Each structure stands twice: as structure tokens, then as C-alpha cells.
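*Asks:* Below is input39.pdb; it holds PDB, C-alpha atoms.
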ATOM      1  CA  MET A  25      66.151 -20.764  39.476
ATOM      2  CA  PHE A  26      63.724 -19.088  41.886
ATOM      3  CA  ASN A  27      64.084 -15.378  42.446
ATOM      4  CA  SER A  28      62.686 -13.049  45.066
ATOM      5  CA  PRO A  29      60.337 -11.564  45.999
ATOM      6  CA  PHE A  30      58.532 -14.633  47.255
ATOM      7  CA  VAL A  31      55.039 -13.190  47.520
ATOM      8  CA  ARG A  32      52.076 -15.549  47.433
ATOM      9  CA  LYS A  33      49.214 -14.545  45.199
ATOM     10  CA  PRO A  34      46.049 -14.267  47.272
ATOM     11  CA  ALA A  35      43.512 -16.982  46.536
ATOM     12  CA  SER A  36      40.334 -15.860  44.829
ATOM     13  CA  VAL A  37      36.960 -16.328  46.495
ATOM     14  CA  THR A  38      35.919 -18.665  43.679
ATOM     15  CA  ALA A  39      38.991 -20.890  44.127
ATOM     16  CA  VAL A  40      38.389 -21.145  47.873
ATOM     17  CA  MET A  41      34.693 -21.961  47.477
ATOM     18  CA  VAL A  42      35.406 -24.621  44.850
ATOM     19  CA  LYS A  43      37.840 -26.294  47.246
ATOM     20  CA  VAL A  44      35.216 -26.236  50.014
ATOM     21  CA  LEU A  45      32.665 -27.866  47.705
ATOM     22  CA  LEU A  46      35.195 -30.508  46.702
ATOM     23  CA  ALA A  47      35.978 -31.140  50.364
ATOM     24  CA  LEU A  48      32.299 -31.794  51.062
ATOM     25  CA  LEU A  49      32.035 -34.506  48.391
ATOM     26  CA  PRO A  50      33.359 -37.415  50.524
ATOM     27  CA  GLY A  51      30.759 -36.641  53.197
ATOM     28  CA  VAL A  52      28.011 -36.351  50.587
ATOM     29  CA  ALA A  53      28.995 -39.672  49.000
ATOM     30  CA  LEU A  54      28.956 -41.455  52.359
ATOM     31  CA  TYR A  55      25.645 -39.739  53.193
ATOM     32  CA  VAL A  56      24.068 -41.246  50.060
ATOM     33  CA  TRP A  57      25.551 -44.645  50.898
ATOM     34  CA  GLN A  58      24.137 -44.640  54.417
ATOM     35  CA  PHE A  59      20.764 -42.920  53.975
ATOM     36  CA  GLY A  60      19.877 -42.932  50.292
ATOM     37  CA  PRO A  61      19.715 -40.369  47.482
ATOM     38  CA  GLY A  62      17.300 -37.949  49.160
ATOM     39  CA  ILE A  63      20.224 -35.737  50.150
ATOM     40  CA  LEU A  64      21.047 -35.217  46.463
ATOM     41  CA  VAL A  65      17.545 -33.876  45.873
ATOM     42  CA  GLN A  66      17.909 -31.527  48.828
ATOM     43  CA  LEU A  67      21.288 -30.349  47.555
ATOM     44  CA  GLY A  68      19.723 -29.580  44.187
ATOM     45  CA  LEU A  69      16.798 -27.700  45.742
ATOM     46  CA  ALA A  70      19.039 -25.677  48.035
ATOM     47  CA  SER A  71      21.516 -24.885  45.253
ATOM     48  CA  ALA A  72      18.848 -23.725  42.784
ATOM     49  CA  THR A  73      17.142 -21.599  45.446
ATOM     50  CA  ALA A  74      20.417 -20.065  46.602
ATOM     51  CA  LEU A  75      21.504 -19.118  43.094
ATOM     52  CA  ALA A  76      18.098 -17.629  42.258
ATOM     53  CA  ALA A  77      17.935 -15.663  45.525
ATOM     54  CA  GLU A  78      21.537 -14.488  45.110
ATOM     55  CA  ALA A  79      20.852 -13.279  41.567
ATOM     56  CA  ALA A  80      17.667 -11.493  42.622
ATOM     57  CA  MET A  81      19.334  -9.723  45.548
ATOM     58  CA  LEU A  82      22.392  -8.722  43.524
ATOM     59  CA  SER A  83      20.143  -7.290  40.829
ATOM     60  CA  ALA A  84      18.074  -5.405  43.413
ATOM     61  CA  ARG A  85      21.252  -3.954  44.930
ATOM     62  CA  GLY A  86      22.657  -2.933  41.554
ATOM     63  CA  ARG A  87      25.623  -5.297  41.741
ATOM     64  CA  PRO A  88      27.074  -7.261  38.778
ATOM     65  CA  VAL A  89      25.152 -10.519  38.909
ATOM     66  CA  GLY A  90      27.447 -12.700  36.836
ATOM     67  CA  ARG A  91      30.658 -11.889  38.716
ATOM     68  CA  PHE A  92      29.267 -12.330  42.208
ATOM     69  CA  LEU A  93      27.094 -15.309  41.320
ATOM     70  CA  ALA A  94      30.152 -17.158  40.057
ATOM     71  CA  ASP A  95      32.109 -16.811  43.315
ATOM     72  CA  GLY A  96      30.512 -19.976  44.707
ATOM     73  CA  SER A  97      29.644 -18.600  48.145
ATOM     74  CA  ALA A  98      25.909 -19.111  47.642
ATOM     75  CA  LEU A  99      26.482 -22.748  46.684
ATOM     76  CA  VAL A 100      28.576 -23.407  49.796
ATOM     77  CA  THR A 101      25.788 -21.985  51.969
ATOM     78  CA  ALA A 102      23.224 -24.085  50.092
ATOM     79  CA  TRP A 103      25.196 -27.302  50.560
ATOM     80  CA  LEU A 104      25.675 -26.686  54.271
ATOM     81  CA  ILE A 105      21.929 -26.078  54.650
ATOM     82  CA  ALA A 106      21.074 -29.304  52.832
ATOM     83  CA  LEU A 107      23.582 -31.303  54.893
ATOM     84  CA  THR A 108      22.219 -30.001  58.201
ATOM     85  CA  PHE A 109      18.521 -30.426  57.354
ATOM     86  CA  PRO A 110      16.797 -33.852  57.417
ATOM     87  CA  PRO A 111      17.198 -35.533  53.991
ATOM     88  CA  ILE A 112      13.459 -36.290  53.829
ATOM     89  CA  ALA A 113      12.281 -32.850  54.959
ATOM     90  CA  PRO A 114       9.535 -31.343  52.751
ATOM     91  CA  TRP A 115      10.950 -29.429  49.800
ATOM     92  CA  TRP A 116       9.604 -26.119  51.015
ATOM     93  CA  ILE A 117      11.511 -26.389  54.298
ATOM     94  CA  VAL A 118      14.795 -26.395  52.389
ATOM     95  CA  VAL A 119      13.643 -23.648  50.028
ATOM     96  CA  VAL A 120      12.446 -21.337  52.812
ATOM     97  CA  GLY A 121      15.547 -22.007  54.905
ATOM     98  CA  THR A 122      17.807 -21.194  51.959
ATOM     99  CA  LEU A 123      15.904 -17.976  51.260
ATOM    100  CA  VAL A 124      16.329 -16.942  54.889
ATOM    101  CA  ALA A 125      20.059 -17.601  54.668
ATOM    102  CA  ILE A 126      20.698 -15.748  51.408
ATOM    103  CA  VAL A 127      18.223 -12.882  51.665
ATOM    104  CA  VAL A 128      18.103 -12.171  55.405
ATOM    105  CA  ALA A 129      21.360 -13.455  56.878
ATOM    106  CA  LYS A 130      23.586 -12.470  53.956
ATOM    107  CA  HIS A 131      22.301  -9.672  51.722
ATOM    108  CA  LEU A 132      20.338  -7.619  54.229
ATOM    109  CA  TYR A 133      23.648  -7.203  56.070
ATOM    110  CA  GLY A 134      25.479  -6.106  52.929
ATOM    111  CA  GLY A 135      26.384  -9.328  51.142
ATOM    112  CA  LEU A 136      29.485 -11.495  51.173
ATOM    113  CA  GLY A 137      31.997 -10.343  53.756
ATOM    114  CA  GLN A 138      29.527  -8.215  55.711
ATOM    115  CA  ASN A 139      27.290 -10.788  57.393
ATOM    116  CA  PRO A 140      27.996 -11.119  61.142
ATOM    117  CA  PHE A 141      26.162 -14.446  61.440
ATOM    118  CA  ASN A 142      26.744 -17.746  59.669
ATOM    119  CA  PRO A 143      23.906 -17.862  57.072
ATOM    120  CA  ALA A 144      23.493 -21.639  57.110
ATOM    121  CA  MET A 145      23.169 -21.663  60.895
ATOM    122  CA  VAL A 146      20.645 -18.816  60.777
ATOM    123  CA  ALA A 147      18.593 -20.928  58.377
ATOM    124  CA  PHE A 148      18.792 -23.994  60.622
ATOM    125  CA  CYS A 149      17.803 -22.109  63.773
ATOM    126  CA  ALA A 150      14.926 -20.333  62.025
ATOM    127  CA  MET A 151      13.504 -23.585  60.689
ATOM    128  CA  ILE A 152      13.934 -25.719  63.813
ATOM    129  CA  VAL A 153      12.280 -23.054  65.967
ATOM    130  CA  SER A 154       9.446 -22.601  63.459
ATOM    131  CA  PHE A 155       8.925 -26.244  62.426
ATOM    132  CA  PRO A 156      10.450 -28.469  65.131
ATOM    133  CA  ALA A 157       8.475 -31.593  64.189
ATOM    134  CA  LEU A 158       9.410 -31.503  60.499
ATOM    135  CA  MET A 159      13.029 -30.725  61.329
ATOM    136  CA  SER A 160      13.180 -33.781  63.590
ATOM    137  CA  GLN A 161      12.145 -36.395  61.003
ATOM    138  CA  TRP A 162      15.302 -38.302  60.120
ATOM    139  CA  PRO A 163      15.295 -41.641  58.256
ATOM    140  CA  ALA A 164      15.883 -44.692  60.415
ATOM    141  CA  ALA A 165      17.591 -46.548  57.571
ATOM    142  CA  HIS A 166      18.475 -46.396  53.890
ATOM    143  CA  LEU A 167      15.290 -45.682  51.935
ATOM    144  CA  ASP A 168      14.812 -46.221  48.214
ATOM    145  CA  ALA A 169      14.851 -43.230  45.896
ATOM    146  CA  ALA A 170      11.126 -43.319  45.101
ATOM    147  CA  THR A 171      10.161 -43.255  48.777
ATOM    148  CA  GLN A 172      12.486 -40.385  49.602
ATOM    149  CA  ILE A 173      11.440 -38.299  46.599
ATOM    150  CA  GLY A 174       7.799 -38.919  47.449
ATOM    151  CA  LEU A 175       8.333 -37.721  51.014
ATOM    152  CA  ILE A 176      10.217 -34.623  49.895
ATOM    153  CA  PHE A 177       7.594 -33.593  47.339
ATOM    154  CA  GLY A 178       4.396 -34.099  49.298
ATOM    155  CA  GLY A 179       4.216 -37.688  50.432
ATOM    156  CA  SER A 180       2.447 -38.708  53.627
ATOM    157  CA  ARG A 181       4.236 -37.448  56.728
ATOM    158  CA  ASP A 182       3.069 -40.382  58.889
ATOM    159  CA  LEU A 183       6.627 -41.624  59.259
ATOM    160  CA  ASP A 184       6.672 -43.641  62.469
ATOM    161  CA  ALA A 185       7.759 -46.788  60.634
ATOM    162  CA  ILE A 186      10.638 -45.271  58.694
ATOM    163  CA  THR A 187      11.954 -42.453  60.882
ATOM    164  CA  ALA A 188      13.805 -42.399  64.157
ATOM    165  CA  ALA A 189      15.088 -39.887  66.655
ATOM    166  CA  THR A 190      18.630 -38.690  66.196
ATOM    167  CA  PRO A 191      21.162 -40.276  68.583
ATOM    168  CA  LEU A 192      21.411 -37.101  70.639
ATOM    169  CA  ASP A 193      17.633 -36.808  70.852
ATOM    170  CA  ALA A 194      17.223 -40.502  71.718
ATOM    171  CA  LEU A 195      19.793 -40.217  74.510
ATOM    172  CA  ARG A 196      18.287 -37.018  75.908
ATOM    173  CA  THR A 197      14.745 -38.443  75.832
ATOM    174  CA  GLY A 198      15.850 -41.706  77.408
ATOM    175  CA  LEU A 199      17.637 -39.982  80.266
ATOM    176  CA  ARG A 200      14.736 -37.630  80.984
ATOM    177  CA  SER A 201      11.963 -40.198  80.737
ATOM    178  CA  GLY A 202      13.771 -43.001  82.532
ATOM    179  CA  GLY A 203      14.105 -41.195  85.848
ATOM    180  CA  GLU A 204      16.926 -41.910  88.242
ATOM    181  CA  GLN A 205      17.299 -45.481  86.988
ATOM    182  CA  ALA A 206      18.175 -44.475  83.429
ATOM    183  CA  SER A 207      21.822 -44.524  82.444
ATOM    184  CA  VAL A 208      23.782 -43.648  79.334
ATOM    185  CA  ALA A 209      25.158 -47.179  78.977
ATOM    186  CA  ALA A 210      21.708 -48.776  79.192
ATOM    187  CA  ILE A 211      20.233 -46.417  76.604
ATOM    188  CA  LEU A 212      23.129 -46.816  74.180
ATOM    189  CA  SER A 213      22.903 -50.610  74.460
ATOM    190  CA  GLN A 214      19.357 -50.552  73.122
ATOM    191  CA  GLY A 215      20.622 -50.069  69.567
ATOM    192  CA  GLY A 216      18.236 -48.368  67.174
ATOM    193  CA  ALA A 217      19.706 -44.956  66.520
ATOM    194  CA  PHE A 218      23.127 -45.822  67.946
ATOM    195  CA  GLY A 219      26.128 -47.178  66.098
ATOM    196  CA  PHE A 220      29.529 -48.311  67.301
ATOM    197  CA  ALA A 221      30.563 -44.832  68.456
ATOM    198  CA  GLY A 222      27.761 -42.361  67.922
ATOM    199  CA  GLY A 223      24.826 -42.200  65.563
ATOM    200  CA  LYS A 224      24.218 -45.265  63.410
ATOM    201  CA  GLY A 225      25.708 -44.489  60.013
ATOM    202  CA  TRP A 226      26.815 -41.031  61.062
ATOM    203  CA  GLU A 227      30.264 -42.266  62.042
ATOM    204  CA  TRP A 228      30.960 -42.981  58.369
ATOM    205  CA  ILE A 229      29.612 -39.616  57.240
ATOM    206  CA  GLY A 230      31.736 -37.917  59.894
ATOM    207  CA  LEU A 231      34.793 -39.698  58.489
ATOM    208  CA  GLY A 232      34.006 -38.117  55.123
ATOM    209  CA  TYR A 233      33.904 -34.682  56.719
ATOM    210  CA  VAL A 234      37.252 -35.329  58.413
ATOM    211  CA  LEU A 235      38.814 -36.263  55.069
ATOM    212  CA  GLY A 236      37.398 -33.116  53.526
ATOM    213  CA  GLY A 237      38.637 -31.015  56.426
ATOM    214  CA  LEU A 238      42.151 -32.400  56.109
ATOM    215  CA  PHE A 239      42.067 -31.585  52.402
ATOM    216  CA  MET A 240      41.104 -27.970  53.162
ATOM    217  CA  TRP A 241      43.864 -27.724  55.762
ATOM    218  CA  GLN A 242      46.395 -29.119  53.282
ATOM    219  CA  GLN A 243      45.201 -26.581  50.718
ATOM    220  CA  ARG A 244      45.448 -23.790  53.332
ATOM    221  CA  VAL A 245      41.786 -22.964  53.010
ATOM    222  CA  ILE A 246      41.523 -23.279  56.795
ATOM    223  CA  THR A 247      44.047 -23.251  59.630
ATOM    224  CA  TRP A 248      44.320 -25.789  62.415
ATOM    225  CA  HIS A 249      43.208 -23.412  65.166
ATOM    226  CA  MET A 250      39.427 -23.708  65.013
ATOM    227  CA  PRO A 251      38.983 -27.455  64.331
ATOM    228  CA  VAL A 252      41.534 -28.402  66.989
ATOM    229  CA  ALA A 253      40.183 -25.972  69.595
ATOM    230  CA  PHE A 254      36.590 -27.008  68.925
ATOM    231  CA  LEU A 255      37.219 -30.759  69.097
ATOM    232  CA  ALA A 256      39.602 -30.433  72.062
ATOM    233  CA  ALA A 257      37.205 -28.292  74.090
ATOM    234  CA  LEU A 258      34.286 -30.636  73.376
ATOM    235  CA  THR A 259      36.435 -33.612  74.380
ATOM    236  CA  VAL A 260      37.609 -31.974  77.600
ATOM    237  CA  ILE A 261      34.217 -30.803  78.855
ATOM    238  CA  SER A 262      32.328 -33.967  77.881
ATOM    239  CA  GLY A 263      35.141 -36.166  79.201
ATOM    240  CA  SER A 264      35.269 -34.323  82.519
ATOM    241  CA  PHE A 265      31.566 -34.742  83.185
ATOM    242  CA  HIS A 266      31.650 -38.331  81.948
ATOM    243  CA  LEU A 267      34.319 -39.090  84.527
ATOM    244  CA  ILE A 268      32.263 -37.376  87.243
ATOM    245  CA  ASP A 269      29.037 -39.219  86.399
ATOM    246  CA  GLY A 270      29.239 -41.653  83.505
ATOM    247  CA  SER A 271      25.637 -42.735  83.990
ATOM    248  CA  ARG A 272      24.265 -39.267  83.172
ATOM    249  CA  PHE A 273      26.799 -37.846  80.733
ATOM    250  CA  ALA A 274      27.888 -39.470  77.475
ATOM    251  CA  SER A 275      31.520 -40.066  76.615
ATOM    252  CA  PRO A 276      33.597 -37.719  74.434
ATOM    253  CA  LEU A 277      33.590 -40.297  71.639
ATOM    254  CA  PHE A 278      29.795 -40.239  71.515
ATOM    255  CA  HIS A 279      29.716 -36.449  71.295
ATOM    256  CA  LEU A 280      32.401 -36.362  68.611
ATOM    257  CA  ALA A 281      30.686 -38.996  66.458
ATOM    258  CA  SER A 282      27.107 -37.750  66.837
ATOM    259  CA  GLY A 283      25.102 -34.894  65.423
ATOM    260  CA  GLY A 284      26.850 -32.299  63.301
ATOM    261  CA  THR A 285      30.075 -32.246  65.323
ATOM    262  CA  LEU A 286      32.556 -33.102  62.578
ATOM    263  CA  LEU A 287      30.736 -31.100  59.903
ATOM    264  CA  ALA A 288      30.797 -28.117  62.266
ATOM    265  CA  ALA A 289      34.453 -28.591  63.193
ATOM    266  CA  PHE A 290      35.747 -28.260  59.643
ATOM    267  CA  PHE A 291      33.060 -26.483  57.614
ATOM    268  CA  ILE A 292      30.937 -24.299  59.927
ATOM    269  CA  VAL A 293      33.109 -23.138  62.812
ATOM    270  CA  THR A 294      35.827 -22.259  60.277
ATOM    271  CA  ASP A 295      33.682 -19.736  58.378
ATOM    272  CA  PRO A 296      36.174 -16.893  57.752
ATOM    273  CA  ILE A 297      33.513 -14.182  57.572
ATOM    274  CA  SER A 298      31.460 -14.678  60.723
ATOM    275  CA  GLY A 299      34.255 -16.168  62.846
ATOM    276  CA  ALA A 300      37.209 -14.711  64.719
ATOM    277  CA  THR A 301      40.259 -13.727  62.695
ATOM    278  CA  THR A 302      43.214 -13.570  65.111
ATOM    279  CA  PRO A 303      45.070 -16.789  66.033
ATOM    280  CA  ARG A 304      44.188 -16.596  69.740
ATOM    281  CA  GLY A 305      40.718 -15.372  68.871
ATOM    282  CA  LYS A 306      40.109 -18.439  66.711
ATOM    283  CA  LEU A 307      40.966 -20.702  69.635
ATOM    284  CA  ILE A 308      38.623 -18.835  71.993
ATOM    285  CA  PHE A 309      35.832 -18.653  69.417
ATOM    286  CA  ALA A 310      35.889 -22.358  68.556
ATOM    287  CA  ALA A 311      36.257 -23.494  72.160
ATOM    288  CA  GLY A 312      33.321 -21.295  73.153
ATOM    289  CA  ILE A 313      31.132 -22.933  70.505
ATOM    290  CA  ALA A 314      32.056 -26.378  71.811
ATOM    291  CA  VAL A 315      31.240 -25.502  75.430
ATOM    292  CA  ILE A 316      27.899 -23.883  74.588
ATOM    293  CA  ALA A 317      26.944 -26.748  72.270
ATOM    294  CA  TRP A 318      27.692 -29.302  74.992
ATOM    295  CA  LEU A 319      25.661 -27.328  77.544
ATOM    296  CA  ILE A 320      22.656 -27.223  75.206
ATOM    297  CA  ARG A 321      23.027 -30.912  74.398
ATOM    298  CA  SER A 322      23.195 -31.838  78.068
ATOM    299  CA  PHE A 323      20.756 -29.415  79.680
ATOM    300  CA  GLY A 324      18.887 -27.552  76.937
ATOM    301  CA  ALA A 325      15.612 -28.080  75.124
ATOM    302  CA  TYR A 326      17.236 -28.998  71.796
ATOM    303  CA  PRO A 327      19.168 -32.251  71.272
ATOM    304  CA  ASP A 328      21.986 -30.587  69.293
ATOM    305  CA  GLY A 329      22.876 -26.999  70.097
ATOM    306  CA  LEU A 330      25.649 -26.442  67.548
ATOM    307  CA  ALA A 331      23.740 -23.948  65.406
ATOM    308  CA  PHE A 332      22.676 -21.881  68.411
ATOM    309  CA  ALA A 333      26.206 -22.039  69.824
ATOM    310  CA  VAL A 334      27.681 -20.750  66.560
ATOM    311  CA  LEU A 335      25.300 -17.784  66.446
ATOM    312  CA  LEU A 336      25.923 -16.902  70.096
ATOM    313  CA  MET A 337      29.671 -16.879  69.521
ATOM    314  CA  ASN A 338      29.229 -14.895  66.288
ATOM    315  CA  ILE A 339      27.908 -12.099  68.501
ATOM    316  CA  CYS A 340      31.136 -12.195  70.502
ATOM    317  CA  VAL A 341      33.500 -12.015  67.518
ATOM    318  CA  PRO A 342      34.095  -8.216  67.580
ATOM    319  CA  ILE A 343      35.200  -8.189  71.207
ATOM    320  CA  ILE A 344      37.213 -11.402  70.791
ATOM    321  CA  ASP A 345      39.131  -9.915  67.872
ATOM    322  CA  MET A 346      39.596  -6.619  69.688
ATOM    323  CA  LYS A 347      41.014  -8.261  72.825
ATOM    324  CA  THR A 348      43.274 -10.741  71.022
ATOM    325  CA  GLN A 349      45.029  -8.467  68.519
ATOM    326  CA  PRO A 350      48.775  -9.247  68.475
ATOM    327  CA  PRO A 351      51.250  -6.476  69.339
ATOM    328  CA  VAL A 352      52.085  -4.044  66.580
ATOM    329  CA  PHE A 353      55.435  -4.867  64.960
ATOM    330  CA  GLY A 354      58.137  -2.703  66.477
ATOM    331  CA  HIS A 355      56.040  -1.694  69.501
ATOM    332  CA  LYS A 356      56.520  -4.258  72.238
ATOM    333  CA  GLY A 357      53.321  -4.871  74.152
ATOM    334  CA  ASP A 358      51.336  -2.310  72.177
ATOM    335  CA  LYS A 359      48.139  -3.228  70.374
ATOM    336  CA  PRO A 360      46.393  -1.402  67.587
TER     337      PRO A 360
END
Show me the file's structure as C-alpha cells.
*Replies:*
Amino acid sequence: MFNSPFVRKPASVTAVMVKVLLALLPGVALYVWQFGPGILVQLGLASATALAAEAAMLSARGRPVGRFLADGSALVTAWLIALTFPPIAPWWIVVVGTLVAIVVAKHLYGGLGQNPFNPAMVAFCAMIVSFPALMSQWPAAHLDAATQIGLIFGGSRDLDAITAATPLDALRTGLRSGGEQASVAAILSQGGAFGFAGGKGWEWIGLGYVLGGLFMWQQRVITWHMPVAFLAALTVISGSFHLIDGSRFASPLFHLASGGTLLAAFFIVTDPISGATTPRGKLIFAAGIAVIAWLIRSFGAYPDGLAFAVLLMNICVPIIDMKTQPPVFGHKGDKP
């Protein structure tokens, strides 16, 4: 027989991080299936670098290394970095990006729970601004393990035959170089980087992220607010402009199935540390990321603006939380 009080024991940081890592596994497995084992090498590099940097910073700050190293937060950051970087990027790109995330974006702000910006997105933005060419080399098809490992650890970077632009980049370039005669439908019909809905192969990887996201929601690691608001806002704004001018603006399905949309919806936007915390604030925060990302995709210099959108909305979190605090219990209309 169950007796009161019915108080839930708060989940530990380690338990939450382990569930996030487990949720990423379907996407990782489908990533390997579609593009080869290079992503596993990048995951290993990022993980080793993150753990080493975390241990060094904890030691320098006089914190207990073993306890904080075991919480899994550094590994989650490392995996998100590896999954957002090209799988055939040079090894040092991943290492430097991970160091930026752990040392600069996390520990220089005070460590876990103190960082105002998403560390993985800081790493991505720093690397794509610093090394845009290397961060734009994505495999055109499944490559064998030897080729991918060779490229990661110093192989020739003359990759015209085995790399291709991302779907978002291919669409943006086609529209801008084709003049007034170019249209979304004509560009998408050319094949190459495009699959049945978005990026070729990326639809399957996105499905893995959706499965992982549903697992985290079922486990109450995340709430529905941010994924739903993010995907709904992206659908509404892209769908509205597609209806206005379908020849210049891609459909909502293309935006949902391309780039890092589904990874962001469940694993990046939902970061509990750098994101909004109130229910209404979560909706505003996630919707704002979607709108800014679409604007950068459609009019900006970068093909996918998700990382920049996340960081811009991270800046707004304090005021969002302040303005969306629910009324204090027992004081109608009052806010803390």
C-alpha cells in the first residue's frame, strides 16, 4: 500500500546526462549507416578532449575532479559538438572546438549551471567563423572507414570528388546564383544533396533524433514546451513565406528535415542551463530561436543559422524569465 507524502526524488545530474547520451544513440547509429564511421572517430576525439579539459579546469579551480567529471555533462557537450561538426573535419577542428566549449564557454563562467551560453553552440560558431571552408566539407556519400580516418588525421583536403554542399547551402547558392529564373522546385529537382524531404540521408538521422527526443520526454528529462514551440514556429514562418512565394522560399518540410533542425529541437534548444526556465518563457525562447534561424537561413550569410540563433536567444533569457514569472501563490496577479 502506498503512503504519503508522495514526493519525487530529484534526478541527479549524472542520471539526466546518461539518459541524454542514450537518447542520442539512435541518431548516431543512423549517422554511421548513412555517412560512415567517421562520426565515431569524432565522438571519441571530442569525448577525450572534453574529459581532459574538464579535469584540468576542475583541478585548477580546486574542485573535486572525480565527482564533477562523473556527472556526464562534459560528455554531452562533446557529443553535441561532434554531431554538429562535419564528420570528416580535421581532428584539430574538433579538439579546438571542444576546448573552446569546455574551457571558455563553461568553466570561465563558473562551471556547470553558471554558463549563460550553450557551450556546444559557442564551439560551432567559433569554428565556423574562424574556419568556414573546413567547416563546410561534408561527405557526399557513405565513405569507407580508411578514407574517413585518413581525412580526419591529415589526409589530402582536395575533396571535390567526395564532398558536397549541405542541402541548405546548395539551395541558398542556387537561388542566389540563378538570378530571377531560379526557383526552389527547380533546384530541389536536381538531386545531389537533396533527399525525399530535406537533405539526402539526413531525414533518417533526423528520425533518430526524434526517437531520442521522445524518449527524453517520456523520461521527463525535457518538457514538451521547447520542442513543440520551436518546430511550430519554424513551420509557421517558413510555411507563410512559402505560400507567399513558393519559388523563393522552401517548404516547412524542407526546413524541418534539413540541417540541424531536429537535433536542435530536442537536444540543443532544451538545454536547461542556458535556456528559459518558466513555461511561457520556454515557448518564447524556442520560438525566437526558430524565427532567427529561419531569417539567417533565408537572408543571412550562413546556410544554417541555428547556432547563432541559440546564442542570440541565450542573451535574452534573463529578461524572458523575469517577464514570464507566474503569479506568486496566494497573491493574485502578483509576481516575485
*Asks:* Taking the file as shown, what set of residues would the PyMOL selection byres ((chain A and resi 266) around 12) give back, as a PyMOL selection string?
*Replies:* chain A and resi 207-209+258-265+267-279+322
*Asks:* For range 122-131 of chain A, find every residue with an atom within 10 Å (counting all atoms listed in the file), except residues of its own chain fewer than 4 positions away, and show them as a ChimeraX atom specification.
*Replies:* /A:69-78,80-82,85,97-98,101-106,116-118,135-148,150-151
*Asks:* Fewer than 2 positions away in the same chain doesn't count, so skip those; otherwise give me all residues within 12 Å of range 57-62 of chain A, counting only C-alpha atoms, as a PyMOL selection string.
*Replies:* chain A and resi 50-55+64-69+106-107+109-115+162-177+186-187+223-230+232
*Asks:* Could you tell me which of A:Leu335, A:Leu280, A:Ile308, A:Ala157 comes closest to Ile292 in chain A if we count only C-alpha atoms?
*Replies:*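 Smallest distance to Ile292 in chain A is found for A:Leu335.
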*Asks:* Using CA of Gly237 in chain A and CA of Gly121 in chain A as the two end points, give the distance in Å to one decimal.
*Replies:* 24.8 Å
*Asks:* With all atoms listed in the file as the basis for distance, which of A:Met159, A:Ala281, A:Ala289, A:Ala310 is at the shortest distance from Ile344 in chain A?
*Replies:* A:Ala310
*Asks:* Check the smallest atom-to-atom distance from each of A:Pro251, A:Gly312, A:Pro296, A:Gly178 to Phe332 in chain A using all atoms listed in the file, then report the winner.
*Replies:*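 Nearest candidate to Phe332 in chain A out of A:Pro251, A:Gly312, A:Pro296, A:Gly178: A:Gly312.
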*Asks:* Hey, can you check how far CA of Met41 in chain A sits from CA of Val119 in chain A?
*Replies:*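 Between CA of Met41 in chain A and CA of Val119 in chain A the gap works out to 21.3 Å.
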*Asks:* Would you work out the distance separating CA of Leu287 in chain A from CA of Tyr233 in chain A, expressed in Å to one decimal?
*Replies:*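 Calculated distance between CA of Leu287 in chain A and CA of Tyr233 in chain A is 5.7 Å.
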*Asks:* On this structure, the PyMOL selection byres ((chain A and resi 253) around 8) would catch which residues? List them as a PDB file with C-alpha atoms, in the coordinates of the input, sorted by chain and number.
*Replies:*
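Result file follows (out-v1.pdb):
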ATOM      1  CA  HIS A 249      43.208 -23.412  65.166  1.00  0.00           C
ATOM      2  CA  MET A 250      39.427 -23.708  65.013  1.00  0.00           C
ATOM      3  CA  PRO A 251      38.983 -27.455  64.331  1.00  0.00           C
ATOM      4  CA  VAL A 252      41.534 -28.402  66.989  1.00  0.00           C
ATOM      5  CA  PHE A 254      36.590 -27.008  68.925  1.00  0.00           C
ATOM      6  CA  LEU A 255      37.219 -30.759  69.097  1.00  0.00           C
ATOM      7  CA  ALA A 256      39.602 -30.433  72.062  1.00  0.00           C
ATOM      8  CA  ALA A 257      37.205 -28.292  74.090  1.00  0.00           C
ATOM      9  CA  LEU A 307      40.966 -20.702  69.635  1.00  0.00           C
ATOM     10  CA  ILE A 308      38.623 -18.835  71.993  1.00  0.00           C
ATOM     11  CA  ALA A 310      35.889 -22.358  68.556  1.00  0.00           C
ATOM     12  CA  ALA A 311      36.257 -23.494  72.160  1.00  0.00           C
TER      13      ALA A 311
END
